[in-house]
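Source file: coords32.tsv; contents: TSV, C-alpha atoms.
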```tsv
chain	number	residue	atom	x	y	z
X	1	MET	CA	2.50	9.63	-31.81
X	2	VAL	CA	-1.00	9.31	-33.24
X	3	TRP	CA	-3.05	6.16	-33.57
X	4	GLY	CA	-4.11	5.55	-37.18
X	5	GLY	CA	-5.23	2.82	-39.54
X	6	GLY	CA	-3.25	1.01	-42.23
X	7	PRO	CA	-4.42	0.27	-45.77
X	8	SER	CA	-7.38	-2.08	-45.90
X	9	SER	CA	-5.82	-4.29	-48.60
X	10	PRO	CA	-2.20	-3.47	-49.55
X	11	ARG	CA	-2.02	-6.49	-51.85
X	12	ASP	CA	-4.84	-5.11	-54.04
X	13	SER	CA	-3.35	-1.64	-54.30
X	14	LEU	CA	0.27	-2.70	-54.71
X	15	LEU	CA	0.01	-5.87	-56.83
X	16	SER	CA	2.90	-4.94	-59.06
X	17	GLY	CA	5.32	-3.84	-56.41
X	18	LEU	CA	4.44	-5.50	-53.08
X	19	CYS	CA	7.01	-7.72	-51.50
X	20	TRP	CA	6.98	-9.38	-48.14
X	21	ALA	CA	9.79	-9.00	-45.69
X	22	VAL	CA	9.61	-12.25	-43.81
X	23	LEU	CA	9.80	-12.82	-40.11
X	24	LEU	CA	12.09	-10.26	-38.56
X	25	TRP	CA	12.43	-10.63	-34.87
X	26	ALA	CA	9.07	-12.08	-33.99
X	27	VAL	CA	8.96	-10.67	-30.54
X	28	GLY	CA	10.42	-8.37	-28.01
X	29	GLY	CA	13.77	-7.23	-27.14
X	30	LEU	CA	15.67	-9.04	-29.84
X	31	THR	CA	17.35	-6.66	-32.22
X	32	SER	CA	19.62	-9.05	-34.06
X	33	ALA	CA	18.52	-11.39	-36.81
X	34	GLN	CA	19.92	-14.07	-39.00
X	35	SER	CA	21.77	-12.61	-41.94
X	36	ASP	CA	21.11	-13.17	-45.62
X	37	ASN	CA	21.53	-11.32	-48.85
X	38	ASN	CA	19.05	-8.54	-47.90
X	39	GLU	CA	20.51	-7.22	-44.67
X	40	GLY	CA	19.86	-3.64	-45.73
X	41	CYS	CA	16.09	-4.22	-45.51
X	42	GLU	CA	16.16	-5.62	-41.97
X	43	ILE	CA	13.87	-3.79	-39.52
X	44	PRO	CA	14.28	-4.69	-35.82
X	45	ILE	CA	10.94	-5.28	-34.07
X	46	THR	CA	10.16	-5.23	-30.36
X	47	CYS	CA	6.89	-6.73	-29.13
X	48	ARG	CA	5.35	-7.12	-25.68
X	49	VAL	CA	2.23	-9.04	-24.69
X	50	TYR	CA	0.27	-7.61	-21.74
X	51	ASN	CA	-3.08	-8.06	-20.05
X	52	VAL	CA	-3.28	-11.61	-21.47
X	53	THR	CA	-4.61	-10.78	-24.96
X	54	PHE	CA	-3.09	-7.41	-25.96
X	55	MET	CA	0.20	-6.88	-27.76
X	56	ASN	CA	2.17	-3.78	-28.75
X	57	CYS	CA	4.96	-3.86	-31.32
X	58	THR	CA	7.39	-1.12	-32.29
X	59	TRP	CA	10.13	-0.92	-34.88
X	60	ASP	CA	12.81	1.41	-36.15
X	61	ILE	CA	11.93	3.31	-39.28
X	62	ALA	CA	14.23	3.23	-42.29
X	63	GLU	CA	16.31	6.21	-43.26
X	64	ASP	CA	14.45	6.38	-46.54
X	65	LYS	CA	11.38	8.54	-45.88
X	66	ASP	CA	9.47	6.92	-48.75
X	67	ILE	CA	9.37	3.46	-47.11
X	68	GLN	CA	6.19	2.41	-45.28
X	69	HIS	CA	5.86	-0.73	-43.13
X	70	TYR	CA	2.80	-2.93	-42.53
X	71	LEU	CA	2.67	-5.77	-39.99
X	72	TYR	CA	0.71	-9.03	-40.19
X	73	ILE	CA	0.27	-12.16	-38.07
X	74	GLU	CA	0.22	-15.68	-39.55
X	75	PRO	CA	0.01	-13.73	-42.14
X	76	SER	CA	-3.72	-13.11	-42.65
X	77	GLN	CA	-4.34	-10.96	-39.55
X	78	GLU	CA	-3.28	-7.44	-40.34
X	79	CYS	CA	-2.64	-4.83	-37.69
X	80	LEU	CA	-5.55	-2.38	-37.79
X	81	THR	CA	-4.21	0.16	-35.28
X	82	TYR	CA	-0.85	1.74	-36.05
X	83	THR	CA	1.20	4.39	-34.31
X	84	THR	CA	2.74	6.94	-36.63
X	85	ASP	CA	5.41	9.59	-36.42
X	86	ILE	CA	4.98	13.22	-37.38
X	87	GLN	CA	5.62	12.33	-41.03
X	88	GLY	CA	2.85	9.72	-41.07
X	89	ARG	CA	5.12	6.66	-41.20
X	90	ASN	CA	4.10	3.58	-39.22
X	91	VAL	CA	6.40	3.00	-36.25
X	92	GLY	CA	4.25	0.72	-34.08
X	93	CYS	CA	1.20	-1.50	-33.98
X	94	HIS	CA	-1.40	-2.67	-31.43
X	95	PHE	CA	-3.20	-6.03	-31.55
X	96	ASP	CA	-6.31	-6.64	-29.43
X	97	ASN	CA	-6.50	-10.44	-29.71
X	98	VAL	CA	-3.18	-12.25	-29.72
X	99	PRO	CA	-3.31	-15.96	-30.63
X	100	LYS	CA	-2.73	-18.33	-27.73
X	101	GLU	CA	-0.21	-20.45	-29.62
X	102	GLN	CA	3.23	-20.65	-28.12
X	103	LYS	CA	4.82	-19.48	-31.37
X	104	ILE	CA	3.57	-16.61	-33.51
X	105	TYR	CA	4.79	-15.79	-37.01
X	106	PHE	CA	4.93	-12.22	-38.23
X	107	LEU	CA	5.01	-10.81	-41.74
X	108	MET	CA	6.12	-7.28	-42.51
X	109	ALA	CA	5.59	-5.54	-45.83
X	110	SER	CA	8.12	-2.81	-46.55
X	111	VAL	CA	6.87	-0.63	-49.39
X	112	ARG	CA	8.80	2.10	-51.20
X	113	ASN	CA	6.35	4.08	-53.28
X	114	GLU	CA	4.87	1.33	-55.49
X	115	THR	CA	7.71	-1.13	-55.37
X	116	ALA	CA	8.50	-3.76	-52.77
X	117	GLU	CA	11.50	-5.78	-51.66
X	118	TRP	CA	11.48	-9.43	-50.74
X	119	MET	CA	13.12	-10.81	-47.61
X	120	ASN	CA	13.01	-14.48	-46.69
X	121	ARG	CA	13.59	-14.91	-42.98
X	122	THR	CA	12.20	-17.50	-40.57
X	123	PHE	CA	12.38	-17.19	-36.78
X	124	THR	CA	10.91	-19.37	-34.08
X	125	GLU	CA	10.49	-17.60	-30.73
X	126	MET	CA	8.63	-18.46	-27.53
X	127	MET	CA	5.94	-15.84	-27.05
X	128	ASP	CA	5.77	-16.64	-23.34
X	129	GLU	CA	9.23	-15.15	-22.94
X	130	TYR	CA	7.96	-11.71	-23.97
X	131	GLU	CA	4.72	-11.57	-22.02
X	132	ILE	CA	4.44	-9.04	-19.21
X	133	PHE	CA	2.38	-11.01	-16.71
X	134	ASN	CA	-0.37	-9.56	-14.58
X	135	PRO	CA	0.01	-9.54	-10.77
X	136	PRO	CA	-0.56	-12.81	-8.89
X	137	ARG	CA	-4.16	-13.49	-7.91
X	138	ASN	CA	-5.84	-14.00	-4.53
X	139	ILE	CA	-3.05	-12.61	-2.34
X	140	THR	CA	-3.80	-13.20	1.36
X	141	VAL	CA	-1.93	-12.43	4.60
X	142	ASN	CA	-2.59	-14.36	7.84
X	143	CYS	CA	-0.60	-13.22	10.88
X	144	SER	CA	0.00	-14.54	14.39
X	145	GLU	CA	1.96	-12.82	17.17
X	146	SER	CA	5.37	-13.08	15.52
X	147	ASN	CA	5.00	-14.28	11.90
X	148	CYS	CA	2.79	-13.95	8.84
X	149	LEU	CA	1.92	-16.48	6.14
X	150	ILE	CA	1.60	-14.83	2.72
X	151	SER	CA	-0.04	-16.89	-0.04
X	152	TRP	CA	-1.16	-16.26	-3.62
X	153	HIS	CA	-2.14	-17.93	-6.90
X	154	GLU	CA	-0.28	-17.79	-10.20
X	155	PRO	CA	-1.19	-14.86	-12.49
X	156	GLU	CA	-3.57	-15.12	-15.39
X	157	SER	CA	-1.57	-15.67	-18.57
X	158	ARG	CA	-2.11	-16.07	-22.29
X	159	ARG	CA	-1.60	-19.85	-22.19
X	160	ALA	CA	-2.79	-20.42	-18.59
X	161	LEU	CA	0.66	-21.33	-17.28
X	162	GLN	CA	0.83	-23.04	-13.89
X	163	ALA	CA	2.81	-21.81	-10.87
X	164	TYR	CA	5.56	-24.29	-11.73
X	165	TYR	CA	6.76	-21.99	-14.54
X	166	PHE	CA	7.00	-18.84	-12.41
X	167	GLY	CA	9.27	-17.28	-9.88
X	168	PHE	CA	7.83	-14.64	-7.54
X	169	GLU	CA	9.29	-11.49	-6.05
X	170	ILE	CA	8.07	-10.31	-2.63
X	171	SER	CA	8.57	-6.77	-1.35
X	172	ILE	CA	7.67	-5.79	2.24
X	173	LEU	CA	8.02	-2.26	3.63
X	174	LYS	CA	7.70	-1.39	7.32
X	175	LYS	CA	6.21	2.02	8.08
X	176	VAL	CA	8.17	3.91	10.74
X	177	GLY	CA	6.64	7.30	11.43
X	178	ASN	CA	6.23	9.17	8.16
X	179	SER	CA	8.80	7.04	6.32
X	180	SER	CA	9.10	3.41	5.23
X	181	GLU	CA	12.03	1.03	5.32
X	182	LYS	CA	12.40	-2.09	3.18
X	183	VAL	CA	12.61	-5.21	5.32
X	184	VAL	CA	12.15	-7.95	2.72
X	185	THR	CA	13.12	-8.28	-0.95
X	186	SER	CA	12.85	-11.98	-1.68
X	187	THR	CA	12.70	-13.99	-4.89
X	188	GLU	CA	10.99	-17.36	-4.71
X	189	SER	CA	12.43	-19.58	-7.44
X	190	GLY	CA	10.27	-21.37	-9.97
X	191	HIS	CA	9.70	-25.10	-10.52
X	192	GLN	CA	7.64	-25.27	-7.32
X	193	THR	CA	3.96	-25.90	-6.84
X	194	GLU	CA	3.72	-24.02	-3.53
X	195	THR	CA	2.97	-20.30	-3.72
X	196	PHE	CA	3.51	-18.92	-0.23
X	197	TYR	CA	6.08	-17.05	1.86
X	198	ASN	CA	6.56	-17.09	5.64
X	199	TYR	CA	7.57	-13.73	7.15
X	200	ASN	CA	9.16	-14.40	10.56
X	201	SER	CA	9.99	-10.84	11.71
X	202	TYR	CA	6.45	-9.60	12.16
X	203	ASP	CA	5.76	-7.02	14.90
X	204	ARG	CA	2.06	-6.30	15.29
X	205	ARG	CA	2.72	-2.77	16.57
X	206	PHE	CA	3.90	-1.67	13.12
X	207	LYS	CA	2.14	-1.43	9.78
X	208	TYR	CA	3.55	-3.21	6.72
X	209	ILE	CA	3.04	-2.82	2.96
X	210	LEU	CA	3.22	-5.95	0.78
X	211	ARG	CA	3.58	-6.28	-3.00
X	212	VAL	CA	4.12	-9.42	-5.12
X	213	ARG	CA	4.92	-9.90	-8.80
X	214	ALA	CA	5.58	-12.85	-11.11
X	215	VAL	CA	8.70	-13.53	-13.17
X	216	TYR	CA	8.69	-16.07	-15.99
X	217	ASP	CA	11.32	-18.68	-15.25
X	218	ARG	CA	12.61	-18.78	-18.85
X	219	SER	CA	12.90	-15.01	-19.17
X	220	PRO	CA	13.86	-13.54	-15.75
X	221	LEU	CA	14.72	-10.14	-17.22
X	222	VAL	CA	11.07	-9.51	-18.19
X	223	LYS	CA	9.34	-8.65	-14.93
X	224	GLY	CA	5.63	-8.89	-14.28
X	225	ILE	CA	3.44	-6.12	-12.90
X	226	TRP	CA	3.51	-5.47	-9.15
X	227	SER	CA	0.31	-6.17	-7.27
X	228	ASP	CA	-1.58	-3.36	-5.58
X	229	PRO	CA	-0.15	-2.53	-2.12
X	230	ILE	CA	-1.61	-4.67	0.67
X	231	GLU	CA	-1.36	-3.31	4.23
X	232	PHE	CA	-1.22	-5.51	7.32
X	233	GLY	CA	-0.36	-4.88	10.97
X	234	SER	CA	-2.06	-2.57	13.46
X	235	GLY	CA	0.23	0.42	13.07
X	236	GLU	CA	0.08	1.18	16.81
X	237	GLN	CA	3.67	2.18	17.28
X	238	PRO	CA	5.23	2.25	20.78
X	239	GLY	CA	5.49	5.53	22.68
X	240	SER	CA	8.63	7.64	22.75
X	241	PRO	CA	11.36	6.39	25.16
X	242	TRP	CA	11.77	9.79	26.86
X	243	LEU	CA	8.05	9.87	27.71
X	244	VAL	CA	8.28	6.43	29.28
X	245	TRP	CA	11.28	7.51	31.38
X	246	VAL	CA	9.46	10.65	32.55
X	247	LEU	CA	6.48	8.59	33.67
X	248	VAL	CA	8.74	6.11	35.49
X	249	VAL	CA	10.66	8.85	37.33
X	250	PHE	CA	7.49	10.74	38.24
X	251	GLY	CA	5.82	7.61	39.58
X	252	SER	CA	8.92	6.74	41.62
X	253	LEU	CA	9.02	10.22	43.18
X	254	VAL	CA	5.35	10.09	44.14
X	255	PHE	CA	5.81	6.67	45.71
X	256	ALA	CA	8.90	7.81	47.66
X	257	LEU	CA	7.15	10.93	48.96
X	258	GLY	CA	4.20	8.85	50.10
X	259	ILE	CA	6.48	6.47	52.03
X	260	ILE	CA	8.34	9.39	53.65
X	261	CYS	CA	5.11	11.09	54.76
X	262	LEU	CA	3.74	7.87	56.24
X	263	TRP	CA	7.00	7.14	58.08
X	264	LYS	CA	7.16	10.69	59.40
X	265	SER	CA	3.61	10.50	60.72
X	266	LEU	CA	4.27	7.22	62.55
X	267	VAL	CA	7.55	8.48	64.07
X	268	LEU	CA	6.00	11.73	65.33
X	269	LYS	CA	3.15	9.88	66.98
X	270	ARG	CA	5.61	7.66	68.86
X	271	LEU	CA	7.95	10.49	69.91
X	272	PHE	CA	5.25	12.93	70.86
X	273	PRO	CA	2.21	11.04	72.03
X	274	ARG	CA	-0.95	13.04	72.70
X	275	VAL	CA	-1.45	14.02	76.41
X	276	PRO	CA	-5.01	13.36	77.60
X	277	GLN	CA	-6.84	16.24	79.40
X	278	ILE	CA	-8.50	15.87	82.88
X	279	LYS	CA	-12.21	16.34	82.80
X	280	ASP	CA	-13.52	18.89	85.37
X	281	LYS	CA	-16.81	17.38	86.45
X	282	ILE	CA	-17.56	20.12	89.07
X	283	SER	CA	-17.15	22.99	86.66
X	284	ASP	CA	-19.20	21.20	84.08
X	285	PHE	CA	-22.01	20.63	86.62
X	286	ALA	CA	-21.96	24.19	88.00
X	287	GLN	CA	-22.18	25.73	84.59
X	288	PRO	CA	-25.75	26.94	84.01
X	289	GLN	CA	-27.69	24.90	81.50
X	290	ASN	CA	-29.10	27.90	79.72
X	291	SER	CA	-26.00	30.05	79.70
X	292	HIS	CA	-26.01	30.16	75.94
X	293	ILE	CA	-29.67	31.05	75.53
X	294	ILE	CA	-30.15	34.22	73.61
X	295	TRP	CA	-32.52	36.24	75.75
X	296	GLU	CA	-32.93	38.95	73.21
X	297	GLU	CA	-35.25	36.65	71.26
X	298	PHE	CA	-37.83	36.88	74.07
X	299	LYS	CA	-37.77	40.65	74.40
X	300	GLN	CA	-40.75	42.62	73.11
X	301	SER	CA	-40.72	46.08	71.70
X	302	PRO	CA	-42.27	48.91	73.75
X	303	GLU	CA	-45.10	49.27	71.27
X	304	GLN	CA	-46.27	45.73	71.93
X	305	CYS	CA	-46.56	46.19	75.75
X	306	GLU	CA	-49.93	47.25	77.17
X	307	VAL	CA	-49.70	49.93	79.76
X	308	GLU	CA	-52.39	49.98	82.40
X	309	LEU	CA	-52.79	53.01	84.62
X	310	ILE	CA	-53.62	52.32	88.23
X	311	ARG	CA	-54.94	55.10	90.38
X	312	SER	CA	-54.58	54.92	94.08
X	313	GLN	CA	-57.07	56.71	96.31
X	314	GLY	CA	-56.22	57.70	99.80
X	315	PRO	CA	-58.66	57.54	102.77
X	316	LYS	CA	-61.36	60.10	102.78
X	317	ALA	CA	-61.07	62.78	105.43
```

Go ahead and express the file in the form of structure tokens.
Amino acid sequence: MVWGGGPSSPRDSLLSGLCWAVLLWAVGGLTSAQSDNNEGCEIPITCRVYNVTFMNCTWDIAEDKDIQHYLYIEPSQECLTYTTDIQGRNVGCHFDNVPKEQKIYFLMASVRNETAEWMNRTFTEMMDEYEIFNPPRNITVNCSESNCLISWHEPESRRALQAYYFGFEISILKKVGNSSEKVVTSTESGHQTETFYNYNSYDRRFKYILRVRAVYDRSPLVKGIWSDPIEFGSGEQPGSPWLVWVLVVFGSLVFALGIICLWKSLVLKRLFPRVPQIKDKISDFAQPQNSHIIWEEFKQSPEQCEVELIRSQGPKA
């Protein structure tokens, strides 16, 4: 579909043939209407309000390819942004600024060439029942050792509805390895002023993912938008059981071997005490003091010795 613009003033261009088809289903999801004499001209409309001020409407096109539809609010505010099919017929409309009144009246002009058909229909619908609410605001998580207190504020809405008019859905996933398992899917009913939830199965070793959304109490089938995921918990998962058992067995073996070695050492010392040796004082005294002196250190080489010749003379005859 392509976004396009409608005629700037259909009443000026189609004065002779314009007729208003009045108030078909004002808003979303309702495809039945009160009957009258012009049932063949009835066009079901589905509208949804989102992001507080925006609204999208869609409708079924007539079998007659020459019929064009134009949508108005109250009825002076015309839709300026239409969605069209491949044949250029309007099949949807986008409004940027939706009135904040609880009830909104729509007017649709169904035009066949230059003629128009009148339809007189009046419907009163609660616009709040067709608003897709934004996520709750100011979501916080405060955890102790075994539980977490989750709190939030009501979502921003078109008519600034209080928390009393909302129910809230809470989704909590626990991350286990590379997968996640759902541990909480709770719906807090409306007509309460408190906006909190107490999670009593918290385990700080795991990591959790929290999301919250609002549901209008008068239209529980229209769900709000989930909040962005909020993670809490340390995510420090416990070690594998087999590794713990290996460490326990290994430590027990080391301790047992240490006890056995100590006991064996004490028993051997008692059974085979060390025999003291008799000291031989005479042999120790008679042993020369310098028996271990290396005499070679005091030797001199032949070249370092001075040789002196001594001549002996006998008696003269």

Q: Measuring atom to atom with only C-alpha atoms, identify which of X:Val184, X:Val91, X:Leu257, X:Leu80 is nearest to X:Tyr197.
A: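 Counting only C-alpha atoms, the residue closest to X:Tyr197 is X:Val184.
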
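One finds atom CA of X:Phe196 at 15.2 Å from atom CA of X:Ile230.
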
Q | Atom-to-atom span, atom CA of X:Tyr164 and atom CA of X:Glu231, Å | A | 27.3 Å

Which neighbours of X:Arg89 fall inside 8 Å, counting only C-alpha atoms, when residues of the same chain fewer than 5 positions from it are skipped, and could you give them as an mmCIF file with C-alpha atoms, in the frame of the given file?
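For reference, result32.cif as written:
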```cif
data_model
loop_
_atom_site.group_PDB
_atom_site.id
_atom_site.type_symbol
_atom_site.label_atom_id
_atom_site.label_comp_id
_atom_site.auth_asym_id
_atom_site.auth_seq_id
_atom_site.Cartn_x
_atom_site.Cartn_y
_atom_site.Cartn_z
ATOM 1 C CA ILE X 61 11.930 3.310 -39.280
ATOM 2 C CA ILE X 67 9.370 3.460 -47.110
ATOM 3 C CA GLN X 68 6.190 2.410 -45.280
ATOM 4 C CA HIS X 69 5.860 -0.730 -43.130
ATOM 5 C CA THR X 84 2.740 6.940 -36.630
#
```

Q | Between atom CA of X:Ile172 and atom CA of X:Ile209, distance in Å (one decimal) | A | 5.5 Å

Neighbouring residues of X:Glu131 were defined as those with any atom within 12 Å, considering only C-alpha atoms; residues of the same chain fewer than 5 positions away were excluded. Please report them as a PDB file with C-alpha atoms, keeping the file's coordinate frame.
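So the final result, stored in out.pdb, reads:
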```pdb
ATOM      1  CA  VAL X  27       8.960 -10.670 -30.540  1.00  0.00           C
ATOM      2  CA  GLY X  28      10.420  -8.370 -28.010  1.00  0.00           C
ATOM      3  CA  GLY X  29      13.770  -7.230 -27.140  1.00  0.00           C
ATOM      4  CA  THR X  46      10.160  -5.230 -30.360  1.00  0.00           C
ATOM      5  CA  CYS X  47       6.890  -6.730 -29.130  1.00  0.00           C
ATOM      6  CA  ARG X  48       5.350  -7.120 -25.680  1.00  0.00           C
ATOM      7  CA  VAL X  49       2.230  -9.040 -24.690  1.00  0.00           C
ATOM      8  CA  TYR X  50       0.270  -7.610 -21.740  1.00  0.00           C
ATOM      9  CA  ASN X  51      -3.080  -8.060 -20.050  1.00  0.00           C
ATOM     10  CA  VAL X  52      -3.280 -11.610 -21.470  1.00  0.00           C
ATOM     11  CA  THR X  53      -4.610 -10.780 -24.960  1.00  0.00           C
ATOM     12  CA  PHE X  54      -3.090  -7.410 -25.960  1.00  0.00           C
ATOM     13  CA  MET X  55       0.200  -6.880 -27.760  1.00  0.00           C
ATOM     14  CA  ASN X  56       2.170  -3.780 -28.750  1.00  0.00           C
ATOM     15  CA  VAL X  98      -3.180 -12.250 -29.720  1.00  0.00           C
ATOM     16  CA  LYS X 100      -2.730 -18.330 -27.730  1.00  0.00           C
ATOM     17  CA  GLN X 102       3.230 -20.650 -28.120  1.00  0.00           C
ATOM     18  CA  MET X 126       8.630 -18.460 -27.530  1.00  0.00           C
ATOM     19  CA  PRO X 155      -1.190 -14.860 -12.490  1.00  0.00           C
ATOM     20  CA  GLU X 156      -3.570 -15.120 -15.390  1.00  0.00           C
ATOM     21  CA  SER X 157      -1.570 -15.670 -18.570  1.00  0.00           C
ATOM     22  CA  ARG X 158      -2.110 -16.070 -22.290  1.00  0.00           C
ATOM     23  CA  ARG X 159      -1.600 -19.850 -22.190  1.00  0.00           C
ATOM     24  CA  LEU X 161       0.660 -21.330 -17.280  1.00  0.00           C
ATOM     25  CA  ALA X 214       5.580 -12.850 -11.110  1.00  0.00           C
ATOM     26  CA  VAL X 215       8.700 -13.530 -13.170  1.00  0.00           C
ATOM     27  CA  TYR X 216       8.690 -16.070 -15.990  1.00  0.00           C
ATOM     28  CA  ASP X 217      11.320 -18.680 -15.250  1.00  0.00           C
ATOM     29  CA  ARG X 218      12.610 -18.780 -18.850  1.00  0.00           C
ATOM     30  CA  SER X 219      12.900 -15.010 -19.170  1.00  0.00           C
ATOM     31  CA  PRO X 220      13.860 -13.540 -15.750  1.00  0.00           C
ATOM     32  CA  LEU X 221      14.720 -10.140 -17.220  1.00  0.00           C
ATOM     33  CA  VAL X 222      11.070  -9.510 -18.190  1.00  0.00           C
ATOM     34  CA  LYS X 223       9.340  -8.650 -14.930  1.00  0.00           C
ATOM     35  CA  GLY X 224       5.630  -8.890 -14.280  1.00  0.00           C
ATOM     36  CA  ILE X 225       3.440  -6.120 -12.900  1.00  0.00           C
TER      37      ILE X 225
END
```

Q | Among listed residues X:Glu101, X:Lys65, X:Gly167, X:Gly251, nearest X:Gln87 (using all atoms listed in the file) | A |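 Of X:Glu101, X:Lys65, X:Gly167, X:Gly251, the one nearest X:Gln87, counting all atoms listed in the file, is X:Lys65.
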
Near X:Ile139, within 9 Å and counting all atoms listed in the file, which residues show up once chain neighbours fewer than 2 positions away are dropped, as a JSON list (two decimals) with C-alpha atoms, in the frame of the given file?
```json
[["chain", "number", "residue", "atom", "x", "y", "z"],
["X", 136, "PRO", "CA", -0.56, -12.81, -8.89],
["X", 137, "ARG", "CA", -4.16, -13.49, -7.91],
["X", 141, "VAL", "CA", -1.93, -12.43, 4.60],
["X", 150, "ILE", "CA", 1.60, -14.83, 2.72],
["X", 151, "SER", "CA", -0.04, -16.89, -0.04],
["X", 152, "TRP", "CA", -1.16, -16.26, -3.62],
["X", 153, "HIS", "CA", -2.14, -17.93, -6.90],
["X", 212, "VAL", "CA", 4.12, -9.42, -5.12],
["X", 227, "SER", "CA", 0.31, -6.17, -7.27],
["X", 230, "ILE", "CA", -1.61, -4.67, 0.67]]
```

Q: Between X:Thr185, X:Asn147, X:Thr83, X:Thr195, single out the one closest to X:Leu173, counting only C-alpha atoms.
A: X:Thr185

Q | From X:Cys79, X:Ile170, X:Ile45, X:Leu262, residue lying nearest X:Pro135 [only C-alpha atoms] | A | X:Ile170

Coords for stretch 165-180 of chain X, N, CA and C atoms, as a compact mmCIF listing (two decimals), in the first residue's frame:
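Heads up, here's the output in result06.txt:
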```txt
# COMPACT_ATOMS: atom_id res chain seq x y z
N TYR X 165 -7.75 1.84 36.44
CA TYR X 165 -8.46 1.34 35.26
C TYR X 165 -7.68 0.26 34.51
N PHE X 166 -6.52 -0.12 35.00
CA PHE X 166 -5.67 -1.05 34.26
C PHE X 166 -5.47 -2.36 35.02
N GLY X 167 -5.29 -3.41 34.25
CA GLY X 167 -4.66 -4.63 34.75
C GLY X 167 -3.26 -4.69 34.15
N PHE X 168 -2.39 -5.50 34.74
CA PHE X 168 -1.01 -5.56 34.27
C PHE X 168 -0.57 -7.01 34.16
N GLU X 169 0.11 -7.32 33.09
CA GLU X 169 0.67 -8.65 32.87
C GLU X 169 2.18 -8.60 33.10
N ILE X 170 2.67 -9.57 33.88
CA ILE X 170 4.10 -9.67 34.20
C ILE X 170 4.65 -10.96 33.63
N SER X 171 5.75 -10.87 32.92
CA SER X 171 6.43 -12.04 32.36
C SER X 171 7.87 -12.04 32.85
N ILE X 172 8.29 -13.17 33.47
CA ILE X 172 9.66 -13.31 33.96
C ILE X 172 10.25 -14.59 33.39
N LEU X 173 11.40 -14.47 32.73
CA LEU X 173 12.13 -15.61 32.20
C LEU X 173 13.42 -15.79 32.99
N LYS X 174 13.77 -17.04 33.28
CA LYS X 174 15.03 -17.36 33.95
C LYS X 174 15.99 -17.96 32.92
N LYS X 175 17.18 -17.38 32.82
CA LYS X 175 18.16 -17.85 31.85
C LYS X 175 18.93 -19.02 32.45
N VAL X 176 18.89 -20.15 31.75
CA VAL X 176 19.60 -21.36 32.17
C VAL X 176 20.49 -21.77 31.01
N GLY X 177 21.78 -21.51 31.14
CA GLY X 177 22.70 -21.79 30.04
C GLY X 177 22.39 -20.88 28.87
N ASN X 178 22.23 -21.48 27.70
CA ASN X 178 21.91 -20.72 26.49
C ASN X 178 20.42 -20.62 26.23
N SER X 179 19.60 -21.15 27.11
CA SER X 179 18.15 -21.12 26.93
C SER X 179 17.49 -20.37 28.08
N SER X 180 16.19 -20.14 27.93
CA SER X 180 15.42 -19.44 28.96
C SER X 180 14.14 -20.22 29.23
```
